[in-house]
file upload-v4.pdb (PDB, C-alpha atoms, pLDDT in the B column)
MODEL        1
ATOM      1  CA  MET I   1     -10.401 -15.703  -5.796  1.00 90.00           C
ATOM      2  CA  ASN I   2     -11.009 -15.051  -9.461  1.00 94.00           C
ATOM      3  CA  ASP I   3      -9.396 -12.266 -11.515  1.00 94.00           C
ATOM      4  CA  SER I   4     -12.347  -9.904 -11.139  1.00 95.00           C
ATOM      5  CA  GLU I   5     -12.391 -10.251  -7.347  1.00 96.00           C
ATOM      6  CA  TYR I   6      -8.636  -9.721  -7.228  1.00 97.00           C
ATOM      7  CA  HIS I   7      -8.826  -6.501  -9.252  1.00 96.00           C
ATOM      8  CA  ASP I   8     -11.764  -5.195  -7.177  1.00 96.00           C
ATOM      9  CA  ARG I   9      -9.920  -5.786  -3.881  1.00 97.00           C
ATOM     10  CA  ALA I  10      -6.545  -4.554  -5.122  1.00 97.00           C
ATOM     11  CA  ASP I  11      -8.012  -1.405  -6.679  1.00 96.00           C
ATOM     12  CA  ALA I  12      -9.950  -0.700  -3.473  1.00 96.00           C
ATOM     13  CA  LEU I  13      -6.696  -0.865  -1.499  1.00 97.00           C
ATOM     14  CA  LEU I  14      -4.915   1.505  -3.885  1.00 96.00           C
ATOM     15  CA  ARG I  15      -7.843   3.956  -3.700  1.00 95.00           C
ATOM     16  CA  ARG I  16      -7.784   3.731   0.105  1.00 95.00           C
ATOM     17  CA  ILE I  17      -4.065   4.577   0.208  1.00 96.00           C
ATOM     18  CA  GLU I  18      -4.536   7.475  -2.225  1.00 95.00           C
ATOM     19  CA  ALA I  19      -7.402   8.854  -0.124  1.00 94.00           C
ATOM     20  CA  GLN I  20      -5.290   8.591   3.031  1.00 95.00           C
ATOM     21  CA  ALA I  21      -2.340  10.367   1.413  1.00 94.00           C
ATOM     22  CA  ASP I  22      -4.696  13.137   0.275  1.00 93.00           C
ATOM     23  CA  ALA I  23      -6.047  13.434   3.833  1.00 93.00           C
ATOM     24  CA  TRP I  24      -2.505  13.628   5.275  1.00 93.00           C
ATOM     25  CA  LEU I  25      -1.689  16.409   2.821  1.00 91.00           C
ATOM     26  CA  GLN I  26      -4.946  18.305   3.463  1.00 91.00           C
ATOM     27  CA  ASP I  27      -4.629  17.992   7.250  1.00 90.00           C
ATOM     28  CA  ASP I  28      -0.997  19.171   7.067  1.00 88.00           C
ATOM     29  CA  VAL I  29       0.263  15.895   8.571  1.00 90.00           C
ATOM     30  CA  ILE I  30       2.955  15.453   5.923  1.00 92.00           C
ATOM     31  CA  ASP I  31       3.824  16.910   2.536  1.00 91.00           C
ATOM     32  CA  ILE I  32       3.330  13.778   0.453  1.00 94.00           C
ATOM     33  CA  ASP I  33       2.991  13.407  -3.294  1.00 93.00           C
ATOM     34  CA  THR I  34       1.200  10.557  -5.012  1.00 94.00           C
ATOM     35  CA  GLN I  35       1.478   9.303  -8.558  1.00 95.00           C
ATOM     36  CA  ARG I  36      -0.630   6.528  -9.935  1.00 94.00           C
ATOM     37  CA  ALA I  37      -0.225   4.756 -13.228  1.00 93.00           C
ATOM     38  CA  GLY I  38      -2.607   1.847 -13.619  1.00 90.00           C
ATOM     39  CA  GLY I  39      -1.818  -0.676 -10.925  1.00 94.00           C
ATOM     40  CA  LEU I  40       1.187   1.196  -9.551  1.00 96.00           C
ATOM     41  CA  LEU I  41       0.991   3.817  -6.797  1.00 97.00           C
ATOM     42  CA  GLU I  42       4.064   5.784  -5.749  1.00 97.00           C
ATOM     43  CA  LEU I  43       4.181   7.875  -2.570  1.00 97.00           C
ATOM     44  CA  SER I  44       6.996  10.448  -2.396  1.00 95.00           C
ATOM     45  CA  LEU I  45       7.958  11.704   1.055  1.00 94.00           C
ATOM     46  CA  PRO I  46       9.658  15.022   1.925  1.00 92.00           C
ATOM     47  CA  ASN I  47      13.012  13.342   2.618  1.00 93.00           C
ATOM     48  CA  GLY I  48      13.140  12.023  -0.949  1.00 93.00           C
ATOM     49  CA  SER I  49      12.237   8.445  -0.053  1.00 95.00           C
ATOM     50  CA  LYS I  50       9.404   6.593  -1.729  1.00 96.00           C
ATOM     51  CA  LEU I  51       6.928   3.842  -1.011  1.00 97.00           C
ATOM     52  CA  VAL I  52       5.713   1.931  -4.043  1.00 98.00           C
ATOM     53  CA  ILE I  53       2.595  -0.221  -4.000  1.00 98.00           C
ATOM     54  CA  ASN I  54       1.715  -2.188  -7.086  1.00 96.00           C
ATOM     55  CA  LYS I  55      -0.580  -4.901  -8.303  1.00 97.00           C
ATOM     56  CA  GLN I  56       0.804  -8.217  -9.519  1.00 97.00           C
ATOM     57  CA  PRO I  57      -2.191  -9.653 -11.406  1.00 96.00           C
ATOM     58  CA  PRO I  58      -0.621 -12.950 -12.546  1.00 95.00           C
ATOM     59  CA  LEU I  59       0.096 -13.828  -8.894  1.00 96.00           C
ATOM     60  CA  HIS I  60      -3.006 -12.154  -7.415  1.00 97.00           C
ATOM     61  CA  GLU I  61      -0.675 -10.214  -5.112  1.00 97.00           C
ATOM     62  CA  ILE I  62      -0.025  -6.666  -3.949  1.00 98.00           C
ATOM     63  CA  TRP I  63       3.616  -5.668  -3.546  1.00 98.00           C
ATOM     64  CA  LEU I  64       4.983  -2.969  -1.271  1.00 98.00           C
ATOM     65  CA  ALA I  65       8.505  -1.616  -1.757  1.00 97.00           C
ATOM     66  CA  SER I  66      10.107   0.494   0.966  1.00 96.00           C
ATOM     67  CA  ARG I  67      13.606   1.309   2.148  1.00 94.00           C
ATOM     68  CA  ALA I  68      13.469  -1.855   4.274  1.00 92.00           C
ATOM     69  CA  GLY I  69      12.821  -4.042   1.250  1.00 94.00           C
ATOM     70  CA  GLY I  70       9.956  -5.651  -0.594  1.00 96.00           C
ATOM     71  CA  PHE I  71       6.828  -7.276   0.768  1.00 98.00           C
ATOM     72  CA  HIS I  72       4.334  -9.478  -1.063  1.00 98.00           C
ATOM     73  CA  PHE I  73       0.706  -9.748   0.039  1.00 98.00           C
ATOM     74  CA  GLN I  74      -2.041 -12.198  -0.903  1.00 97.00           C
ATOM     75  CA  TRP I  75      -5.711 -12.048   0.038  1.00 97.00           C
ATOM     76  CA  GLN I  76      -6.218 -14.510   2.901  1.00 95.00           C
ATOM     77  CA  ASP I  77      -8.827 -14.676   5.661  1.00 91.00           C
ATOM     78  CA  GLY I  78     -10.430 -11.389   4.628  1.00 93.00           C
ATOM     79  CA  ALA I  79      -7.247  -9.283   4.454  1.00 95.00           C
ATOM     80  CA  TRP I  80      -4.099  -8.693   2.417  1.00 97.00           C
ATOM     81  CA  ARG I  81      -1.456 -10.718   4.282  1.00 97.00           C
ATOM     82  CA  ASP I  82       2.320 -10.845   3.896  1.00 97.00           C
ATOM     83  CA  THR I  83       3.220 -14.131   2.230  1.00 96.00           C
ATOM     84  CA  LYS I  84       6.154 -14.615   4.637  1.00 96.00           C
ATOM     85  CA  SER I  85       5.035 -13.294   8.029  1.00 95.00           C
ATOM     86  CA  GLY I  86       1.255 -13.348   7.704  1.00 95.00           C
ATOM     87  CA  SER I  87       1.101  -9.704   8.863  1.00 96.00           C
ATOM     88  CA  GLU I  88      -1.709  -7.592   7.474  1.00 96.00           C
ATOM     89  CA  PHE I  89      -0.911  -5.016   4.815  1.00 97.00           C
ATOM     90  CA  VAL I  90      -2.137  -2.112   6.947  1.00 96.00           C
ATOM     91  CA  SER I  91       0.237  -2.864   9.821  1.00 96.00           C
ATOM     92  CA  VAL I  92       3.228  -3.329   7.497  1.00 97.00           C
ATOM     93  CA  PHE I  93       2.353  -0.197   5.517  1.00 97.00           C
ATOM     94  CA  ASN I  94       1.947   1.873   8.698  1.00 96.00           C
ATOM     95  CA  ARG I  95       5.286   0.649  10.039  1.00 96.00           C
ATOM     96  CA  GLU I  96       7.170   1.285   6.797  1.00 96.00           C
ATOM     97  CA  ALA I  97       5.529   4.652   6.069  1.00 95.00           C
ATOM     98  CA  SER I  98       6.161   5.855   9.618  1.00 95.00           C
ATOM     99  CA  ALA I  99       9.794   4.735   9.555  1.00 95.00           C
ATOM    100  CA  GLN I 100      10.453   6.536   6.287  1.00 94.00           C
ATOM    101  CA  ALA I 101       8.509   9.668   7.241  1.00 94.00           C
ATOM    102  CA  GLY I 102      10.106   9.968  10.674  1.00 93.00           C
ATOM    103  CA  ARG I 103       6.657  10.373  12.226  1.00 92.00           C
ATOM    104  CA  THR I 104       3.639   8.199  12.886  1.00 93.00           C
ATOM    105  CA  LEU I 105       1.470   7.678   9.823  1.00 94.00           C
ATOM    106  CA  SER I 106      -1.613   5.467  10.002  1.00 94.00           C
ATOM    107  CA  LEU I 107      -3.732   4.221   7.141  1.00 91.00           C
ATOM    108  CA  THR I 108      -7.269   4.884   8.351  1.00 82.00           C
ATOM    109  CA  ALA I 109      -9.267   6.189   5.361  1.00 50.00           C
TER     110      ALA I 109
ENDMDL
END
call {"tool": "encode", "arguments": {"input": "upload-v4.pdb", "output": "structure tokens"}}
result
Amino acid sequence: MNDSEYHDRADALLRRIEAQADAWLQDDVIDIDTQRAGGLLELSLPNGSKLVINKQPPLHEIWLASRAGGFHFQWQDGAWRDTKSGSEFVSVFNREASAQAGRTLSLTA
């Protein structure tokens, strides 16, 4: 994957997460705040915890930070996959977001 493809895919993922957070807020699922600065997206949950998703251009990775720790994802086989477990970003994000929110949250947008 070249740099342009990386940025297109990574930016699409960040936009998807932002859209989902907006939908959760609009549908009264959870009171969630988002802040985006370039390649960094921060989700603030009502209990004061945060999820941080950011681009790592030199490595062509997406990183997710949660209370459980940090996860690194690379584009493989048509999806962002955890570099350690091979799990897809969406499943890890859903698990971490749900754990921190205390309710089921699913990235669907």
call {"tool": "atom_distance", "arguments": {"input": "upload-v4.pdb", "atom1": "CA of Ala101 in chain I", "atom2": "CA of Leu43 in chain I"}}
result
10.9 Å
call {"tool": "closest_residue", "arguments": {"input": "upload-v4.pdb", "among": "I:Trp63, I:Phe93, I:Trp80, I:Phe71", "to": "Ile17 in chain I", "atoms": "only C-alpha atoms"}}
result
I:Phe93
call {"tool": "closest_residue", "arguments": {"input": "upload-v4.pdb", "among": "I:Pro58, I:Gln100, I:Val90, I:Ala23", "to": "Ser44 in chain I", "atoms": "only C-alpha atoms"}}
result
I:Gln100
call {"tool": "resolve_selection", "arguments": {"input": "upload-v4.pdb", "expression": "the PyMOL selection byres ((chain I and resi 99) around 12)", "output": "ChimeraX atom specification"}}
result
/I:45,47,49-51,66-68,92-98,100-106
call {"tool": "residues_near_point", "arguments": {"input": "upload-v4.pdb", "point": "(-11.3, 5.5, 10.9)", "cutoff": "12 Å", "atoms": "only C-alpha atoms", "output": "MDAnalysis selection string"}}
result
chainID I and resid 16 20 23 106:109
call {"tool": "closest_residue", "arguments": {"input": "upload-v4.pdb", "among": "I:Gln35, I:Ser87, I:Pro46, I:Leu13", "to": "Ile62 in chain I", "atoms": "all atoms listed in the file"}}
result
I:Leu13
call {"tool": "closest_residue", "arguments": {"input": "upload-v4.pdb", "among": "I:Val52, I:Ile30, I:Ala37, I:Gly86", "to": "Gly70 in chain I", "atoms": "all atoms listed in the file"}}
result
I:Val52
call {"tool": "resolve_selection", "arguments": {"input": "upload-v4.pdb", "expression": "the PyMOL selection byres ((chain I and resi 7) around 10)", "output": "ChimeraX atom specification"}}
result
/I:1-6,8-13,39,55-57,60-61
call {"tool": "residues_around", "arguments": {"input": "upload-v4.pdb", "residues": "Thr83 in chain I", "least_positions_apart": "5", "cutoff": "10 Å", "atoms": "only C-alpha atoms", "output": "ChimeraX atom specification"}}
result
/I:61,71-76,88
call {"tool": "axis_aligned_box", "arguments": {"input": "upload-v4.pdb", "around": "range 95-106 of chain I", "padding_each_side": "8 Å", "output": "JSON"}}
result
{"center_x": 4.4, "center_y": 5.5, "center_z": 9.5, "size_x": 28.1, "size_y": 25.7, "size_z": 22.8}
call {"tool": "atom_distance", "arguments": {"input": "upload-v4.pdb", "atom1": "CA of Leu41 in chain I", "atom2": "CA of Ile53 in chain I"}}
result
5.2 Å
call {"tool": "atom_distance", "arguments": {"input": "upload-v4.pdb", "atom1": "CA of Asp33 in chain I", "atom2": "CA of Ala19 in chain I"}}
result
11.8 Å
call {"tool": "decode", "arguments": {"input": "upload-v4.pdb", "residues": "range 22-62 of chain I", "atoms": "N, CA and C atoms", "output": "PDB file, in the first residue's frame"}}
result
ATOM      1  N   ASP I  22     -21.668  10.469  16.112  1.00  0.00           N
ATOM      2  CA  ASP I  22     -22.746  11.441  15.903  1.00  0.00           C
ATOM      3  C   ASP I  22     -24.109  10.758  15.928  1.00  0.00           C
ATOM      4  N   ALA I  23     -24.207   9.581  15.316  1.00  0.00           N
ATOM      5  CA  ALA I  23     -25.468   8.834  15.298  1.00  0.00           C
ATOM      6  C   ALA I  23     -25.847   8.382  16.711  1.00  0.00           C
ATOM      7  N   TRP I  24     -24.864   7.909  17.490  1.00  0.00           N
ATOM      8  CA  TRP I  24     -25.148   7.515  18.878  1.00  0.00           C
ATOM      9  C   TRP I  24     -25.695   8.703  19.659  1.00  0.00           C
ATOM     10  N   LEU I  25     -25.099   9.858  19.475  1.00  0.00           N
ATOM     11  CA  LEU I  25     -25.526  11.059  20.187  1.00  0.00           C
ATOM     12  C   LEU I  25     -26.929  11.469  19.743  1.00  0.00           C
ATOM     13  N   GLN I  26     -27.164  11.500  18.435  1.00  0.00           N
ATOM     14  CA  GLN I  26     -28.470  11.886  17.895  1.00  0.00           C
ATOM     15  C   GLN I  26     -29.570  10.923  18.314  1.00  0.00           C
ATOM     16  N   ASP I  27     -29.270   9.632  18.329  1.00  0.00           N
ATOM     17  CA  ASP I  27     -30.267   8.614  18.670  1.00  0.00           C
ATOM     18  C   ASP I  27     -30.388   8.402  20.176  1.00  0.00           C
ATOM     19  N   ASP I  28     -29.686   9.235  20.953  1.00  0.00           N
ATOM     20  CA  ASP I  28     -29.725   9.177  22.413  1.00  0.00           C
ATOM     21  C   ASP I  28     -29.256   7.819  22.954  1.00  0.00           C
ATOM     22  N   VAL I  29     -28.287   7.218  22.265  1.00  0.00           N
ATOM     23  CA  VAL I  29     -27.694   5.958  22.720  1.00  0.00           C
ATOM     24  C   VAL I  29     -26.718   6.233  23.853  1.00  0.00           C
ATOM     25  N   ILE I  30     -25.887   7.268  23.656  1.00  0.00           N
ATOM     26  CA  ILE I  30     -24.894   7.644  24.664  1.00  0.00           C
ATOM     27  C   ILE I  30     -24.485   9.093  24.430  1.00  0.00           C
ATOM     28  N   ASP I  31     -24.207   9.784  25.513  1.00  0.00           N
ATOM     29  CA  ASP I  31     -23.743  11.169  25.436  1.00  0.00           C
ATOM     30  C   ASP I  31     -22.238  11.134  25.220  1.00  0.00           C
ATOM     31  N   ILE I  32     -21.838  11.218  23.976  1.00  0.00           N
ATOM     32  CA  ILE I  32     -20.422  11.070  23.605  1.00  0.00           C
ATOM     33  C   ILE I  32     -19.945  12.328  22.900  1.00  0.00           C
ATOM     34  N   ASP I  33     -18.753  12.754  23.235  1.00  0.00           N
ATOM     35  CA  ASP I  33     -18.148  13.913  22.585  1.00  0.00           C
ATOM     36  C   ASP I  33     -16.987  13.450  21.723  1.00  0.00           C
ATOM     37  N   THR I  34     -16.833  14.093  20.581  1.00  0.00           N
ATOM     38  CA  THR I  34     -15.711  13.780  19.700  1.00  0.00           C
ATOM     39  C   THR I  34     -14.886  15.034  19.474  1.00  0.00           C
ATOM     40  N   GLN I  35     -13.597  14.833  19.367  1.00  0.00           N
ATOM     41  CA  GLN I  35     -12.675  15.901  18.989  1.00  0.00           C
ATOM     42  C   GLN I  35     -11.704  15.309  17.985  1.00  0.00           C
ATOM     43  N   ARG I  36     -11.535  16.026  16.897  1.00  0.00           N
ATOM     44  CA  ARG I  36     -10.601  15.558  15.887  1.00  0.00           C
ATOM     45  C   ARG I  36      -9.608  16.652  15.565  1.00  0.00           C
ATOM     46  N   ALA I  37      -8.354  16.263  15.556  1.00  0.00           N
ATOM     47  CA  ALA I  37      -7.278  17.163  15.160  1.00  0.00           C
ATOM     48  C   ALA I  37      -6.398  16.390  14.197  1.00  0.00           C
ATOM     49  N   GLY I  38      -6.543  16.676  12.917  1.00  0.00           N
ATOM     50  CA  GLY I  38      -5.761  15.966  11.911  1.00  0.00           C
ATOM     51  C   GLY I  38      -6.040  14.480  11.949  1.00  0.00           C
ATOM     52  N   GLY I  39      -5.013  13.707  12.212  1.00  0.00           N
ATOM     53  CA  GLY I  39      -5.131  12.256  12.217  1.00  0.00           C
ATOM     54  C   GLY I  39      -5.430  11.662  13.577  1.00  0.00           C
ATOM     55  N   LEU I  40      -5.904  12.491  14.511  1.00  0.00           N
ATOM     56  CA  LEU I  40      -6.210  12.008  15.850  1.00  0.00           C
ATOM     57  C   LEU I  40      -7.678  12.272  16.166  1.00  0.00           C
ATOM     58  N   LEU I  41      -8.377  11.219  16.601  1.00  0.00           N
ATOM     59  CA  LEU I  41      -9.782  11.318  16.972  1.00  0.00           C
ATOM     60  C   LEU I  41      -9.929  10.848  18.407  1.00  0.00           C
ATOM     61  N   GLU I  42     -10.535  11.697  19.233  1.00  0.00           N
ATOM     62  CA  GLU I  42     -10.723  11.385  20.648  1.00  0.00           C
ATOM     63  C   GLU I  42     -12.214  11.309  20.939  1.00  0.00           C
ATOM     64  N   LEU I  43     -12.645  10.204  21.543  1.00  0.00           N
ATOM     65  CA  LEU I  43     -14.029  10.018  21.950  1.00  0.00           C
ATOM     66  C   LEU I  43     -14.079  10.089  23.470  1.00  0.00           C
ATOM     67  N   SER I  44     -14.874  10.999  24.004  1.00  0.00           N
ATOM     68  CA  SER I  44     -15.017  11.164  25.455  1.00  0.00           C
ATOM     69  C   SER I  44     -16.368  10.614  25.876  1.00  0.00           C
ATOM     70  N   LEU I  45     -16.345   9.685  26.825  1.00  0.00           N
ATOM     71  CA  LEU I  45     -17.553   9.029  27.304  1.00  0.00           C
ATOM     72  C   LEU I  45     -18.045   9.686  28.596  1.00  0.00           C
ATOM     73  N   PRO I  46     -19.322   9.476  28.956  1.00  0.00           N
ATOM     74  CA  PRO I  46     -19.890  10.129  30.131  1.00  0.00           C
ATOM     75  C   PRO I  46     -19.155   9.838  31.443  1.00  0.00           C
ATOM     76  N   ASN I  47     -18.526   8.686  31.551  1.00  0.00           N
ATOM     77  CA  ASN I  47     -17.826   8.338  32.793  1.00  0.00           C
ATOM     78  C   ASN I  47     -16.421   8.950  32.876  1.00  0.00           C
ATOM     79  N   GLY I  48     -16.083   9.787  31.920  1.00  0.00           N
ATOM     80  CA  GLY I  48     -14.783  10.450  31.918  1.00  0.00           C
ATOM     81  C   GLY I  48     -13.692   9.685  31.186  1.00  0.00           C
ATOM     82  N   SER I  49     -13.978   8.470  30.752  1.00  0.00           N
ATOM     83  CA  SER I  49     -12.965   7.709  30.018  1.00  0.00           C
ATOM     84  C   SER I  49     -12.937   8.145  28.557  1.00  0.00           C
ATOM     85  N   LYS I  50     -11.852   7.804  27.900  1.00  0.00           N
ATOM     86  CA  LYS I  50     -11.668   8.200  26.506  1.00  0.00           C
ATOM     87  C   LYS I  50     -11.179   7.020  25.678  1.00  0.00           C
ATOM     88  N   LEU I  51     -11.513   7.070  24.414  1.00  0.00           N
ATOM     89  CA  LEU I  51     -10.930   6.203  23.394  1.00  0.00           C
ATOM     90  C   LEU I  51     -10.219   7.140  22.430  1.00  0.00           C
ATOM     91  N   VAL I  52      -9.005   6.801  22.071  1.00  0.00           N
ATOM     92  CA  VAL I  52      -8.237   7.637  21.155  1.00  0.00           C
ATOM     93  C   VAL I  52      -7.825   6.780  19.965  1.00  0.00           C
ATOM     94  N   ILE I  53      -8.159   7.265  18.786  1.00  0.00           N
ATOM     95  CA  ILE I  53      -7.793   6.583  17.543  1.00  0.00           C
ATOM     96  C   ILE I  53      -6.920   7.558  16.773  1.00  0.00           C
ATOM     97  N   ASN I  54      -5.757   7.097  16.353  1.00  0.00           N
ATOM     98  CA  ASN I  54      -4.907   8.004  15.588  1.00  0.00           C
ATOM     99  C   ASN I  54      -4.126   7.278  14.504  1.00  0.00           C
ATOM    100  N   LYS I  55      -3.814   8.079  13.490  1.00  0.00           N
ATOM    101  CA  LYS I  55      -3.037   7.581  12.358  1.00  0.00           C
ATOM    102  C   LYS I  55      -1.561   7.590  12.728  1.00  0.00           C
ATOM    103  N   GLN I  56      -0.851   6.611  12.218  1.00  0.00           N
ATOM    104  CA  GLN I  56       0.608   6.533  12.345  1.00  0.00           C
ATOM    105  C   GLN I  56       1.177   6.384  10.935  1.00  0.00           C
ATOM    106  N   PRO I  57       1.245   7.499  10.197  1.00  0.00           N
ATOM    107  CA  PRO I  57       1.658   7.449   8.789  1.00  0.00           C
ATOM    108  C   PRO I  57       2.991   6.757   8.512  1.00  0.00           C
ATOM    109  N   PRO I  58       4.044   6.984   9.312  1.00  0.00           N
ATOM    110  CA  PRO I  58       5.314   6.336   8.967  1.00  0.00           C
ATOM    111  C   PRO I  58       5.216   4.799   8.971  1.00  0.00           C
ATOM    112  N   LEU I  59       4.311   4.270   9.798  1.00  0.00           N
ATOM    113  CA  LEU I  59       4.156   2.815   9.905  1.00  0.00           C
ATOM    114  C   LEU I  59       2.985   2.282   9.090  1.00  0.00           C
ATOM    115  N   HIS I  60       2.198   3.189   8.505  1.00  0.00           N
ATOM    116  CA  HIS I  60       0.958   2.823   7.812  1.00  0.00           C
ATOM    117  C   HIS I  60       0.039   2.051   8.749  1.00  0.00           C
ATOM    118  N   GLU I  61      -0.110   2.560   9.976  1.00  0.00           N
ATOM    119  CA  GLU I  61      -0.941   1.913  10.985  1.00  0.00           C
ATOM    120  C   GLU I  61      -1.992   2.875  11.523  1.00  0.00           C
ATOM    121  N   ILE I  62      -3.001   2.282  12.153  1.00  0.00           N
ATOM    122  CA  ILE I  62      -3.993   2.987  12.957  1.00  0.00           C
ATOM    123  C   ILE I  62      -3.799   2.474  14.375  1.00  0.00           C
TER     124      ILE I  62
END
